[in-house]
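S.K.: Enclosed is the structure file work36.tsv (TSV, C-alpha atoms and all ligand atoms).
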```
chain	number	residue	atom	x	y	z
A	9	MET	CA	98.51	91.71	129.77
A	10	SER	CA	99.24	93.33	133.05
A	11	ALA	CA	101.86	91.32	134.81
A	12	VAL	CA	102.90	93.73	137.51
A	13	SER	CA	102.54	92.14	140.91
A	14	THR	CA	99.92	93.40	143.31
A	15	SER	CA	102.45	92.72	145.98
A	16	ALA	CA	100.89	95.28	148.26
A	17	THR	CA	99.90	92.14	150.04
A	18	SER	CA	103.17	90.33	150.02
A	19	SER	CA	105.17	92.58	152.25
A	20	ALA	CA	102.61	92.78	155.00
A	21	ALA	CA	102.09	89.33	156.28
A	22	THR	CA	104.05	86.30	155.36
A	23	SER	CA	105.11	83.14	157.01
A	24	ALA	CA	108.38	82.55	158.75
A	25	SER	CA	109.62	81.50	155.31
A	26	GLY	CA	108.71	84.97	154.05
A	27	GLU	CA	106.36	83.56	151.43
A	28	PRO	CA	102.67	84.30	151.10
A	29	LEU	CA	100.60	81.11	151.33
A	30	VAL	CA	99.08	81.68	147.90
A	31	SER	CA	100.53	83.53	144.91
A	32	LEU	CA	98.81	83.85	141.58
A	33	ARG	CA	101.05	85.04	138.77
A	34	GLY	CA	99.70	85.94	135.34
A	35	LEU	CA	96.76	83.60	135.95
A	36	SER	CA	94.53	83.38	132.89
A	37	LYS	CA	91.55	81.40	131.74
A	38	THR	CA	90.16	81.48	128.22
A	39	PHE	CA	87.00	79.58	127.33
A	40	ASP	CA	86.65	78.32	123.78
A	41	LEU	CA	83.04	79.13	122.83
A	42	SER	CA	83.38	78.04	119.21
A	43	PRO	CA	80.55	76.03	117.72
A	44	PRO	CA	81.49	72.64	116.21
A	45	LEU	CA	83.65	72.76	113.07
A	46	LEU	CA	80.82	71.77	110.71
A	47	ASN	CA	78.58	74.58	111.98
A	48	ARG	CA	81.43	77.05	111.63
A	49	MET	CA	82.02	75.94	108.05
A	50	ILE	CA	78.32	76.27	107.17
A	51	GLU	CA	78.01	79.64	108.88
A	52	ARG	CA	81.49	80.74	107.68
A	53	LYS	CA	82.39	81.81	111.15
A	54	GLY	CA	85.74	81.67	112.92
A	55	LYS	CA	86.45	80.43	116.42
A	56	SER	CA	85.34	82.54	119.35
A	57	PHE	CA	87.04	82.84	122.71
A	58	LEU	CA	86.13	84.41	126.02
A	59	ARG	CA	88.98	85.59	128.22
A	60	ALA	CA	87.37	85.23	131.65
A	61	VAL	CA	90.57	85.84	133.65
A	62	ASP	CA	93.45	87.79	132.15
A	63	GLY	CA	96.87	87.88	133.80
A	64	LEU	CA	95.87	88.03	137.47
A	65	ASP	CA	98.64	88.64	140.02
A	66	ILE	CA	97.68	88.24	143.67
A	67	ASP	CA	99.50	87.36	146.88
A	68	ILE	CA	97.53	86.08	149.86
A	69	PRO	CA	99.46	86.15	153.13
A	70	ARG	CA	98.89	83.39	155.67
A	71	GLY	CA	96.03	83.89	158.07
A	72	LYS	CA	94.61	86.79	156.05
A	73	THR	CA	91.59	87.36	153.84
A	74	PHE	CA	91.94	88.55	150.28
A	75	SER	CA	88.62	89.45	148.68
A	76	LEU	CA	87.83	89.73	145.01
A	77	VAL	CA	85.03	92.13	144.13
A	78	GLY	CA	83.44	93.27	140.91
A	79	GLU	CA	80.23	93.12	138.94
A	80	SER	CA	78.69	89.86	137.75
A	81	GLY	CA	80.72	88.24	134.98
A	82	CYS	CA	84.06	89.91	135.82
A	83	GLY	CA	85.67	86.52	136.48
A	84	LYS	CA	85.58	86.12	140.27
A	85	SER	CA	84.15	82.59	140.31
A	86	THR	CA	86.47	81.51	137.54
A	87	VAL	CA	89.44	82.54	139.71
A	88	ALA	CA	87.96	80.52	142.60
A	89	LYS	CA	87.55	77.46	140.39
A	90	LEU	CA	91.08	77.80	139.00
A	91	VAL	CA	92.54	77.96	142.49
A	92	VAL	CA	90.76	74.83	143.72
A	93	GLY	CA	91.50	72.95	140.49
A	94	LEU	CA	87.94	72.82	139.10
A	95	HIS	CA	89.23	74.60	135.97
A	96	ALA	CA	92.61	74.15	134.33
A	97	ALA	CA	94.48	77.42	133.83
A	98	SER	CA	95.12	78.60	130.26
A	99	GLY	CA	98.22	80.43	131.47
A	100	GLY	CA	100.09	81.60	134.53
A	101	LYS	CA	100.90	79.97	137.84
A	102	ILE	CA	99.16	79.15	141.11
A	103	ARG	CA	101.76	78.79	143.85
A	104	PHE	CA	100.55	77.30	147.10
A	105	ASP	CA	102.98	77.12	150.02
A	106	GLY	CA	105.89	77.26	147.59
A	107	THR	CA	104.62	74.66	145.10
A	108	ASP	CA	103.34	75.47	141.63
A	109	LEU	CA	99.99	73.66	141.47
A	110	THR	CA	99.56	74.31	137.76
A	111	GLY	CA	102.65	72.20	137.08
A	112	LEU	CA	101.52	69.27	139.25
A	113	HIS	CA	100.24	65.99	137.87
A	114	ALA	CA	96.68	65.22	139.07
A	115	SER	CA	97.98	62.32	141.19
A	116	ALA	CA	100.28	64.69	143.10
A	117	ARG	CA	97.46	67.11	143.91
A	118	GLY	CA	95.99	64.93	146.69
A	119	THR	CA	97.71	66.70	149.59
A	120	TYR	CA	96.64	70.03	148.22
A	121	ARG	CA	93.03	68.89	147.88
A	122	GLN	CA	93.13	68.32	151.62
A	123	ARG	CA	94.76	71.68	152.36
A	124	ILE	CA	92.57	73.76	150.00
A	125	GLN	CA	88.83	73.58	150.50
A	126	MET	CA	85.92	75.51	149.03
A	127	ILE	CA	82.69	76.88	150.45
A	128	PHE	CA	80.03	77.46	147.82
A	129	GLN	CA	77.31	80.06	147.60
A	130	ASP	CA	74.36	77.73	147.75
A	131	PRO	CA	74.23	75.54	150.85
A	132	TYR	CA	71.08	73.90	149.46
A	133	ALA	CA	72.87	72.58	146.39
A	134	SER	CA	76.24	71.81	147.95
A	135	LEU	CA	75.02	69.27	150.55
A	136	ASN	CA	73.87	65.82	149.47
A	137	PRO	CA	70.19	65.74	150.56
A	138	ARG	CA	70.22	61.95	151.01
A	139	TRP	CA	73.10	61.86	153.47
A	140	ARG	CA	72.88	62.45	157.17
A	141	VAL	CA	74.88	65.46	158.30
A	142	ARG	CA	77.32	63.22	160.17
A	143	ASP	CA	78.18	61.36	156.94
A	144	ILE	CA	78.54	64.62	155.00
A	145	ILE	CA	81.11	65.85	157.51
A	146	ALA	CA	82.77	62.45	157.96
A	147	GLU	CA	83.38	61.98	154.24
A	148	PRO	CA	86.55	64.15	154.07
A	149	LEU	CA	87.73	62.61	157.38
A	150	ARG	CA	87.59	59.21	155.69
A	151	SER	CA	88.99	60.19	152.31
A	152	PHE	CA	91.99	61.94	153.84
A	153	SER	CA	92.39	59.33	156.64
A	154	ILE	CA	92.19	62.01	159.29
A	155	THR	CA	90.50	59.81	161.87
A	156	SER	CA	90.98	56.12	162.52
A	157	GLY	CA	87.97	54.07	163.52
A	158	ARG	CA	84.31	54.89	163.85
A	159	ALA	CA	84.41	56.13	167.44
A	160	GLU	CA	87.09	58.72	166.73
A	161	GLU	CA	85.27	59.79	163.58
A	162	GLN	CA	82.04	60.35	165.51
A	163	ARG	CA	83.81	62.33	168.20
A	164	GLU	CA	85.43	64.52	165.54
A	165	VAL	CA	82.13	65.09	163.73
A	166	GLY	CA	80.52	66.15	167.03
A	167	ARG	CA	83.43	68.48	167.77
A	168	LEU	CA	83.21	70.08	164.31
A	169	LEU	CA	79.44	70.57	164.63
A	170	GLU	CA	79.94	72.30	167.95
A	171	MET	CA	82.70	74.48	166.51
A	172	VAL	CA	80.25	75.86	163.95
A	173	GLY	CA	77.52	76.48	166.53
A	174	LEU	CA	75.44	73.30	166.06
A	175	SER	CA	75.15	70.32	168.39
A	176	ALA	CA	76.63	66.83	168.08
A	177	GLN	CA	73.05	65.45	167.92
A	178	ASP	CA	72.44	67.48	164.74
A	179	GLY	CA	74.62	64.88	162.99
A	180	ASP	CA	71.63	62.50	162.96
A	181	LYS	CA	69.54	64.84	160.83
A	182	PHE	CA	69.33	65.43	157.07
A	183	PRO	CA	70.15	68.80	155.41
A	184	HIS	CA	66.49	69.65	154.71
A	185	GLN	CA	65.84	69.75	158.46
A	186	PHE	CA	68.02	72.87	158.78
A	187	SER	CA	67.63	76.55	157.88
A	188	GLY	CA	69.83	78.17	155.21
A	189	GLY	CA	72.23	79.61	157.77
A	190	GLN	CA	72.51	76.27	159.58
A	191	ARG	CA	73.19	74.51	156.28
A	192	GLN	CA	75.99	76.94	155.54
A	193	ARG	CA	77.39	76.12	159.00
A	194	ILE	CA	77.32	72.45	158.00
A	195	SER	CA	79.18	73.33	154.76
A	196	ILE	CA	81.78	75.14	156.82
A	197	ALA	CA	82.14	72.17	159.21
A	198	ARG	CA	82.70	69.91	156.22
A	199	ALA	CA	85.19	72.35	154.68
A	200	ILE	CA	87.31	72.56	157.84
A	201	SER	CA	87.08	68.82	158.61
A	202	SER	CA	90.11	68.05	156.42
A	203	LYS	CA	92.15	70.57	158.45
A	204	PRO	CA	92.82	72.87	155.51
A	205	ASP	CA	95.05	75.95	155.57
A	206	PHE	CA	93.21	77.74	152.80
A	207	LEU	CA	89.48	78.22	152.16
A	208	VAL	CA	88.12	79.57	148.91
A	209	CYS	CA	84.74	81.10	149.74
A	210	ASP	CA	82.61	81.89	146.70
A	211	GLU	CA	79.77	84.21	147.79
A	212	PRO	CA	79.27	82.13	150.97
A	213	THR	CA	76.52	84.31	152.41
A	214	SER	CA	74.76	85.79	149.42
A	215	ALA	CA	72.01	83.14	149.45
A	216	LEU	CA	71.23	83.91	153.11
A	217	ASP	CA	68.91	86.41	154.77
A	218	VAL	CA	70.72	89.56	155.86
A	219	SER	CA	70.13	88.80	159.55
A	220	VAL	CA	71.76	85.39	159.17
A	221	GLN	CA	74.61	86.66	156.98
A	222	SER	CA	76.38	88.45	159.80
A	223	GLN	CA	76.23	85.39	162.07
A	224	VAL	CA	77.88	83.23	159.41
A	225	LEU	CA	80.48	85.92	158.63
A	226	ASN	CA	81.30	86.24	162.34
A	227	LEU	CA	81.67	82.48	162.55
A	228	MET	CA	84.07	82.55	159.59
A	229	ARG	CA	86.16	85.25	161.22
A	230	ASP	CA	86.24	83.38	164.54
A	231	LEU	CA	87.34	80.18	162.82
A	232	GLN	CA	90.00	82.07	160.90
A	233	ALA	CA	91.46	83.39	164.16
A	234	GLU	CA	91.19	80.03	165.93
A	235	LEU	CA	92.55	77.83	163.14
A	236	GLY	CA	94.87	80.30	161.39
A	237	LEU	CA	92.96	79.95	158.12
A	238	THR	CA	93.71	81.94	154.99
A	239	TYR	CA	90.71	82.99	152.89
A	240	LEU	CA	90.16	83.89	149.26
A	241	PHE	CA	86.76	85.53	149.61
A	242	ILE	CA	84.58	86.22	146.58
A	243	SER	CA	81.70	88.62	146.83
A	244	HIS	CA	79.89	91.32	144.94
A	245	ASP	CA	78.64	92.77	148.25
A	246	LEU	CA	81.01	95.53	149.30
A	247	ALA	CA	79.62	95.78	152.83
A	248	VAL	CA	80.45	92.10	153.35
A	249	VAL	CA	83.90	92.57	151.80
A	250	ASP	CA	84.52	95.59	154.04
A	251	PHE	CA	83.72	93.45	157.08
A	252	MET	CA	85.82	90.44	156.08
A	253	SER	CA	88.90	91.62	154.25
A	254	ASP	CA	92.52	92.41	154.93
A	255	TYR	CA	93.19	92.90	151.22
A	256	VAL	CA	90.92	93.60	148.28
A	257	GLY	CA	91.27	93.12	144.54
A	258	VAL	CA	88.78	94.89	142.30
A	259	MET	CA	88.17	93.03	139.03
A	260	TYR	CA	86.77	94.34	135.78
A	261	LEU	CA	86.34	92.09	132.76
A	262	GLY	CA	88.85	89.51	133.91
A	263	ARG	CA	91.57	91.90	135.10
A	264	LEU	CA	92.53	93.55	138.34
A	265	VAL	CA	92.02	97.31	138.17
A	266	GLU	CA	92.97	98.07	141.77
A	267	ALA	CA	94.34	95.98	144.63
A	268	GLY	CA	95.85	96.47	148.04
A	269	PRO	CA	95.07	96.78	151.75
A	270	ALA	CA	91.30	96.77	152.27
A	271	GLN	CA	91.21	99.77	154.59
A	272	ARG	CA	93.09	101.89	152.10
A	273	ILE	CA	90.89	100.86	149.20
A	274	PHE	CA	87.68	101.51	151.11
A	275	GLU	CA	88.83	104.84	152.49
A	276	ALA	CA	90.57	106.21	149.42
A	277	PRO	CA	89.79	104.30	146.23
A	278	GLU	CA	91.64	105.63	143.21
A	279	HIS	CA	90.50	103.74	140.13
A	280	PRO	CA	87.37	105.34	138.65
A	281	TYR	CA	85.66	101.91	138.57
A	282	THR	CA	86.44	101.24	142.25
A	283	ARG	CA	85.11	104.68	143.11
A	284	LEU	CA	81.93	104.13	141.15
A	285	LEU	CA	81.43	100.74	142.82
A	286	MET	CA	81.93	102.24	146.29
A	287	ASP	CA	79.37	104.90	145.52
A	288	THR	CA	76.68	102.24	145.24
A	289	VAL	CA	77.07	101.32	148.91
A	290	PRO	CA	75.25	103.62	151.28
A	291	ASP	CA	77.20	103.02	154.43
A	292	ILE	CA	80.82	102.46	153.70
A	293	THR	CA	83.05	105.37	154.77
A	294	MET	CA	82.16	107.09	151.50
A	295	ALA	CA	79.30	109.14	152.90
A	296	ARG	CA	81.31	112.33	152.66
A	297	ARG	CA	81.85	111.96	148.92
A	298	ASP	CA	79.63	112.82	146.01
A	299	ARG	CA	77.82	109.73	144.86
A	300	VAL	CA	77.77	108.51	141.29
A	301	ALA	CA	75.90	105.36	140.33
A	302	VAL	CA	77.59	102.71	138.23
A	303	THR	CA	75.81	103.02	134.93
A	304	GLY	CA	76.30	101.57	131.48
A	305	GLU	CA	76.82	97.92	130.68
A	306	VAL	CA	79.88	95.75	131.14
A	307	PRO	CA	81.13	95.18	127.54
A	308	ASN	CA	80.73	91.77	125.91
A	309	PRO	CA	83.77	89.79	127.14
A	310	ILE	CA	84.05	88.02	123.77
A	311	THR	CA	84.68	91.36	122.05
A	312	PRO	CA	86.16	93.63	124.71
A	313	PRO	CA	86.91	97.23	123.72
A	314	PRO	CA	90.48	98.07	122.73
A	315	GLY	CA	92.67	99.72	125.37
A	316	CYS	CA	91.36	99.84	128.91
A	317	SER	CA	88.22	97.66	129.15
A	318	PHE	CA	86.58	100.25	131.38
A	319	ASN	CA	87.04	103.14	128.94
A	320	PRO	CA	83.49	103.14	127.45
A	321	ARG	CA	82.07	103.75	130.94
A	322	CYS	CA	84.84	105.89	132.35
A	323	PRO	CA	84.36	109.62	132.94
A	324	LEU	CA	88.14	110.14	132.78
A	325	ALA	CA	88.80	108.26	129.52
A	326	SER	CA	91.12	109.89	126.97
A	327	ASP	CA	92.76	108.72	123.75
A	328	ILE	CA	95.41	106.60	125.42
A	329	CYS	CA	92.70	104.72	127.36
A	330	ARG	CA	91.05	103.74	124.06
A	331	ALA	CA	94.36	102.52	122.64
A	332	GLN	CA	96.45	101.02	125.40
A	333	SER	CA	95.64	98.72	128.27
A	334	PRO	CA	97.09	100.13	131.53
A	335	ASP	CA	99.41	98.10	133.75
A	336	LEU	CA	99.03	97.96	137.51
A	337	VAL	CA	101.23	100.66	139.00
A	338	ALA	CA	102.29	100.94	142.65
A	339	ARG	CA	100.64	103.79	144.53
A	340	GLU	CA	100.94	105.41	147.90
A	341	GLY	CA	99.57	103.32	150.76
A	342	GLY	CA	100.53	99.98	149.23
A	343	THR	CA	97.85	99.79	146.57
A	344	ARG	CA	98.30	99.21	142.84
A	345	VAL	CA	96.10	100.81	140.25
A	346	ALA	CA	95.68	100.18	136.52
A	347	CYS	CA	94.49	103.54	135.17
A	348	HIS	CA	96.21	105.95	132.79
A	349	ALA	CA	94.36	108.92	134.30
A	350	VAL	CA	95.33	108.08	137.87
A	351	THR	CA	98.98	107.38	137.11
A	352	GLY	CA	99.41	110.23	134.65
A	353	ALA	CA	100.16	108.11	131.57
A	354	ASP	CA	97.43	110.05	129.74
A	355	GLY	CA	99.66	113.13	129.68
A	356	SER	CA	98.02	114.66	132.74
A	357	SER	CA	100.00	115.01	135.92
A	358	GLY	CA	98.00	112.12	137.31
A	359	ARG	CA	95.82	112.05	140.35
A	360	PRO	CA	97.52	112.87	143.62
A	361	GLY	CA	98.07	110.04	146.09
A	362	ALA	CA	94.90	109.09	147.85
A	363	ALA	CA	95.86	110.43	151.26
A	364	GLY	CA	94.49	113.85	152.02
A	365	ARG	CA	93.11	114.19	148.54
A	366	ALA	CA	89.98	116.14	147.79
A	367	PRO	CA	87.05	114.05	146.56
A	368	MET	CA	87.44	113.22	142.88
A	369	GLU	CA	84.84	114.89	140.72
A	370	LEU	CA	83.38	112.27	138.45
A	371	ALA	CA	81.19	113.18	135.54
A	372	ARG	CA	77.60	112.37	136.45
A	373	GLY	CA	76.60	111.26	133.00
A	374	VAL	CA	78.69	108.12	132.90
A	375	ALA	CA	77.76	106.53	129.61
B	401	LIG	N1	82.42	77.18	131.84
B	401	LIG	C1	82.32	78.33	131.16
B	401	LIG	N2	82.24	78.34	129.81
B	401	LIG	C2	82.17	79.50	129.12
B	401	LIG	N3	82.15	80.72	129.69
B	401	LIG	C3	82.21	80.78	131.03
B	401	LIG	C4	82.29	79.59	131.83
B	401	LIG	N4	82.34	79.96	133.15
B	401	LIG	C5	82.28	81.32	133.16
B	401	LIG	N5	82.21	81.79	131.90
B	401	LIG	C6	82.16	83.21	131.50
B	401	LIG	O1	83.33	83.81	132.07
B	401	LIG	C7	83.02	85.12	132.53
B	401	LIG	C8	83.34	85.23	134.00
B	401	LIG	O2	82.40	84.43	134.71
B	401	LIG	P1	82.45	84.26	136.29
B	401	LIG	O3	81.33	83.33	136.69
B	401	LIG	O4	83.82	83.89	136.69
B	401	LIG	O5	82.13	85.75	136.78
B	401	LIG	P2	81.70	86.25	138.22
B	401	LIG	O6	82.38	87.54	138.42
B	401	LIG	O7	81.94	85.19	139.23
B	401	LIG	O8	80.16	86.50	138.04
B	401	LIG	P3	78.94	86.06	139.00
B	401	LIG	O9	79.08	86.91	140.22
B	401	LIG	O10	77.73	86.35	138.18
B	401	LIG	O11	79.15	84.57	139.26
B	401	LIG	C9	81.56	85.36	132.21
B	401	LIG	O12	81.46	86.06	130.98
B	401	LIG	C10	80.99	83.96	132.08
B	401	LIG	O13	79.89	83.95	131.19
```
Do you think you could lay out the structure here as structure tokens?

M.R.:
Amino acid sequence: MSAVSTSATSSAATSASGEPLVSLRGLSKTFDLSPPLLNRMIERKGKSFLRAVDGLDIDIPRGKTFSLVGESGCGKSTVAKLVVGLHAASGGKIRFDGTDLTGLHASARGTYRQRIQMIFQDPYASLNPRWRVRDIIAEPLRSFSITSGRAEEQREVGRLLEMVGLSAQDGDKFPHQFSGGQRQRISIARAISSKPDFLVCDEPTSALDVSVQSQVLNLMRDLQAELGLTYLFISHDLAVVDFMSDYVGVMYLGRLVEAGPAQRIFEAPEHPYTRLLMDTVPDITMARRDRVAVTGEVPNPITPPPGCSFNPRCPLASDICRAQSPDLVAREGGTRVACHAVTGADGSSGRPGAAGRAPMELARGVA
């Protein structure tokens, strides 16, 4: 397990107390996929487990956006659900504003439920179709006793609708009377109604048309600046991540392979997987580099390969990569990278620091 902190993020922006708002340490989630005991006895099979998240270390400074990227199934949504308490962690800690949430009894989590809110991918599924928009937004106001009395509640709902670019009168309507982008605005109004500090945004724009995506992303950035919000942003769309992020963590099969300041990662990615991912995006600062498509399949997470999980697809893989899982190692520019070839643990002299480096030649026939 790689337990080296990706504290590229922690030095940059912290509160007056010097602490990042959110710190994940060794966060892990294993799903037990075993069939019932009787079936296992009949089929003479053992238990089977899927390690969806494996020892994740992340710091998210206040008022900043940390994005998790990676291919489908790498564990991004599981991290989101762990952070908001929809999954219980199998190991590790989630510290929020100095408190370890994993050690808290459910009854003591109330305050944190108010301070940590989630925006889901699908605005169609996340809004109750039978409720008027005003009741959808008022519900957190009531449950967290944020407003007192009906008149104040209605004023607050109107104010929130206007903040997200809708009108107070839209509160009378039902969700089906709105477009996808407008529904996501309603989801955002509901999410900020409890006056949270931290929003976990799981693919918030991927169900929207491209033209609408940028409007919603701009709204999220404006609200972040206005309300001082901190975001954990989950996306597989690198162009969106490039637009939104202060920090990026690249995940592969439940682990971080590279993390650090977004600008650095987009301009000079070091891990072969990050570089392959970047090559799939036409317009991100990578135009000058040779392009190599991400090919090959992500291995079955129930039976991951020994050593580095990326080794079967990696053009730089050597013996050590097939035997030993790499730890995250600090690199120039505040990033951390888990790759034997980059850090030189494979017996090579390692790759030079990203700055001023010539484009890395990657084998074109990535298996
Ligand atoms: N409740 C669950 N029970 C069993 N396995 C699960 C569960 N939730 C997720 N998984 C598995 O955990 C792994 C990580 O899934 P997760 O949804 O977190 O990935 P992701 O990166 O968010 O992918 P996507 O972008 O497709 O949502 C996958 O192999 C998935 O099948």

S.K.: Considering all atoms listed in the file, state which residue in the set A:Arg283, A:Lys84, A:Arg229, A:Arg263 is at the smallest distance from ligand LIG 401 (chain B).

M.R.: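 Looking only at the distances to ligand LIG 401 (chain B), the closest residue turns out to be A:Lys84.
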
S.K.: Grab the CA of Gly188 (chain A) to CA of Pro131 (chain A) distance for me, in Å with one decimal place.

M.R.: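 Result for CA of Gly188 (chain A) versus CA of Pro131 (chain A): 6.7 Å, one decimal.
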
S.K.: If you count all atoms listed in the file, which residues end up within 7 Å of ligand LIG 401 (chain B), as a PyMOL selection string?

M.R.: chain A and resi 39+41+58+60+78-87+244+262+309

S.K.: Would you output that residue set with C-alpha atoms, as a PDB file, keeping the file's coordinate frame?

M.R.:
```
ATOM      1  CA  PHE A  39      87.000  79.580 127.330  1.00  0.00           C
ATOM      2  CA  LEU A  41      83.040  79.130 122.830  1.00  0.00           C
ATOM      3  CA  LEU A  58      86.130  84.410 126.020  1.00  0.00           C
ATOM      4  CA  ALA A  60      87.370  85.230 131.650  1.00  0.00           C
ATOM      5  CA  GLY A  78      83.440  93.270 140.910  1.00  0.00           C
ATOM      6  CA  GLU A  79      80.230  93.120 138.940  1.00  0.00           C
ATOM      7  CA  SER A  80      78.690  89.860 137.750  1.00  0.00           C
ATOM      8  CA  GLY A  81      80.720  88.240 134.980  1.00  0.00           C
ATOM      9  CA  CYS A  82      84.060  89.910 135.820  1.00  0.00           C
ATOM     10  CA  GLY A  83      85.670  86.520 136.480  1.00  0.00           C
ATOM     11  CA  LYS A  84      85.580  86.120 140.270  1.00  0.00           C
ATOM     12  CA  SER A  85      84.150  82.590 140.310  1.00  0.00           C
ATOM     13  CA  THR A  86      86.470  81.510 137.540  1.00  0.00           C
ATOM     14  CA  VAL A  87      89.440  82.540 139.710  1.00  0.00           C
ATOM     15  CA  HIS A 244      79.890  91.320 144.940  1.00  0.00           C
ATOM     16  CA  GLY A 262      88.850  89.510 133.910  1.00  0.00           C
ATOM     17  CA  PRO A 309      83.770  89.790 127.140  1.00  0.00           C
TER      18      PRO A 309
END
```

S.K.: Would you work out the distance separating CA of Glu161 (chain A) from CA of Leu135 (chain A), expressed in Å to one decimal?

M.R.: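 So the answer is 19.1 Å.
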
S.K.: I'd like to know which of A:Ile145, A:Leu174, A:Ala353, A:Leu207 is closest to Ile242 (chain A), using all atoms listed in the file.

M.R.: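 Of A:Ile145, A:Leu174, A:Ala353, A:Leu207, the one nearest Ile242 (chain A), counting all atoms listed in the file, is A:Leu207.
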
S.K.: Taking all atoms of region 258-262 of chain A that the file lists and extending 3 Å past them on each side, where is the centre of the axis-aligned box and how long are its edges? Answer in Å to one decimal, as JSON.

M.R.:
```
{"center_x": 87.6, "center_y": 92.2, "center_z": 137.5, "size_x": 8.5, "size_y": 11.4, "size_z": 15.5}
```

S.K.: Kindly indicate which residue among A:Gly71, A:Pro137, A:Pro212, A:Pro334 lies nearest to Lys181 (chain A), using only C-alpha atoms for the distances.

M.R.: A:Pro137

S.K.: What is the distance between CA of His184 (chain A) and CA of Arg121 (chain A), in Å to one decimal?

M.R.: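 Pair CA of His184 (chain A) / CA of Arg121 (chain A) returns 27.4 Å.
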
S.K.: Need the shell around Ala197 (chain A): protein/DNA/RNA residues with any atom at most 8 Å away, counting only C-alpha atoms. Skip same-chain ones fewer than 5 positions apart. Format as a PyMOL selection string?

M.R.: chain A and resi 145+168-169+171-172

S.K.: Excluding Cys347 (chain A) and residues on its chain fewer than 5 positions from it, collect all residues at most 10 Å away from it, counting only C-alpha atoms, and give them as a PyMOL selection string.

M.R.: chain A and resi 265-266+278-281+316+318-319+324-325+329+333-337+352-354+358

S.K.: Keeping only C-alpha atoms, write the selected residues as a PDB file, keeping the file's coordinate frame.

M.R.:
```pdb
ATOM      1  CA  VAL A 265      92.020  97.310 138.170  1.00  0.00           C
ATOM      2  CA  GLU A 266      92.970  98.070 141.770  1.00  0.00           C
ATOM      3  CA  GLU A 278      91.640 105.630 143.210  1.00  0.00           C
ATOM      4  CA  HIS A 279      90.500 103.740 140.130  1.00  0.00           C
ATOM      5  CA  PRO A 280      87.370 105.340 138.650  1.00  0.00           C
ATOM      6  CA  TYR A 281      85.660 101.910 138.570  1.00  0.00           C
ATOM      7  CA  CYS A 316      91.360  99.840 128.910  1.00  0.00           C
ATOM      8  CA  PHE A 318      86.580 100.250 131.380  1.00  0.00           C
ATOM      9  CA  ASN A 319      87.040 103.140 128.940  1.00  0.00           C
ATOM     10  CA  LEU A 324      88.140 110.140 132.780  1.00  0.00           C
ATOM     11  CA  ALA A 325      88.800 108.260 129.520  1.00  0.00           C
ATOM     12  CA  CYS A 329      92.700 104.720 127.360  1.00  0.00           C
ATOM     13  CA  SER A 333      95.640  98.720 128.270  1.00  0.00           C
ATOM     14  CA  PRO A 334      97.090 100.130 131.530  1.00  0.00           C
ATOM     15  CA  ASP A 335      99.410  98.100 133.750  1.00  0.00           C
ATOM     16  CA  LEU A 336      99.030  97.960 137.510  1.00  0.00           C
ATOM     17  CA  VAL A 337     101.230 100.660 139.000  1.00  0.00           C
ATOM     18  CA  GLY A 352      99.410 110.230 134.650  1.00  0.00           C
ATOM     19  CA  ALA A 353     100.160 108.110 131.570  1.00  0.00           C
ATOM     20  CA  ASP A 354      97.430 110.050 129.740  1.00  0.00           C
ATOM     21  CA  GLY A 358      98.000 112.120 137.310  1.00  0.00           C
TER      22      GLY A 358
END
```

S.K.: Residues around (83.7, 68.5, 157.1), cut-off 10 Å, counting only C-alpha atoms - what are they as a list in words?

M.R.: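 Those residues, ordered by chain and then number, are Gln125, Val141, Arg142, Asp143, Ile144, Ile145, Ala146, Glu147, Pro148, Leu149, Glu164, Val165, Leu168, Leu169, Ile194, Ser195, Ile196, Ala197, Arg198, Ala199, Ile200, Ser201, Ser202 and Lys203 of chain A.
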
S.K.: How would you write as a CSV table (one decimal) with C-alpha atoms, in the coordinates of the input the residues that get within 12 Å of (91.1, 75.2, 141.9) in the file's frame, counting all atoms listed in the file?

M.R.:
```csv
chain,number,residue,atom,x,y,z
A,30,VAL,CA,99.1,81.7,147.9
A,32,LEU,CA,98.8,83.8,141.6
A,35,LEU,CA,96.8,83.6,136.0
A,37,LYS,CA,91.6,81.4,131.7
A,85,SER,CA,84.2,82.6,140.3
A,86,THR,CA,86.5,81.5,137.5
A,87,VAL,CA,89.4,82.5,139.7
A,88,ALA,CA,88.0,80.5,142.6
A,89,LYS,CA,87.6,77.5,140.4
A,90,LEU,CA,91.1,77.8,139.0
A,91,VAL,CA,92.5,78.0,142.5
A,92,VAL,CA,90.8,74.8,143.7
A,93,GLY,CA,91.5,73.0,140.5
A,94,LEU,CA,87.9,72.8,139.1
A,95,HIS,CA,89.2,74.6,136.0
A,96,ALA,CA,92.6,74.2,134.3
A,97,ALA,CA,94.5,77.4,133.8
A,101,LYS,CA,100.9,80.0,137.8
A,102,ILE,CA,99.2,79.2,141.1
A,103,ARG,CA,101.8,78.8,143.8
A,104,PHE,CA,100.6,77.3,147.1
A,109,LEU,CA,100.0,73.7,141.5
A,110,THR,CA,99.6,74.3,137.8
A,114,ALA,CA,96.7,65.2,139.1
A,117,ARG,CA,97.5,67.1,143.9
A,120,TYR,CA,96.6,70.0,148.2
A,121,ARG,CA,93.0,68.9,147.9
A,123,ARG,CA,94.8,71.7,152.4
A,124,ILE,CA,92.6,73.8,150.0
A,125,GLN,CA,88.8,73.6,150.5
A,126,MET,CA,85.9,75.5,149.0
A,206,PHE,CA,93.2,77.7,152.8
A,207,LEU,CA,89.5,78.2,152.2
A,208,VAL,CA,88.1,79.6,148.9
A,209,CYS,CA,84.7,81.1,149.7
A,210,ASP,CA,82.6,81.9,146.7
A,240,LEU,CA,90.2,83.9,149.3
```
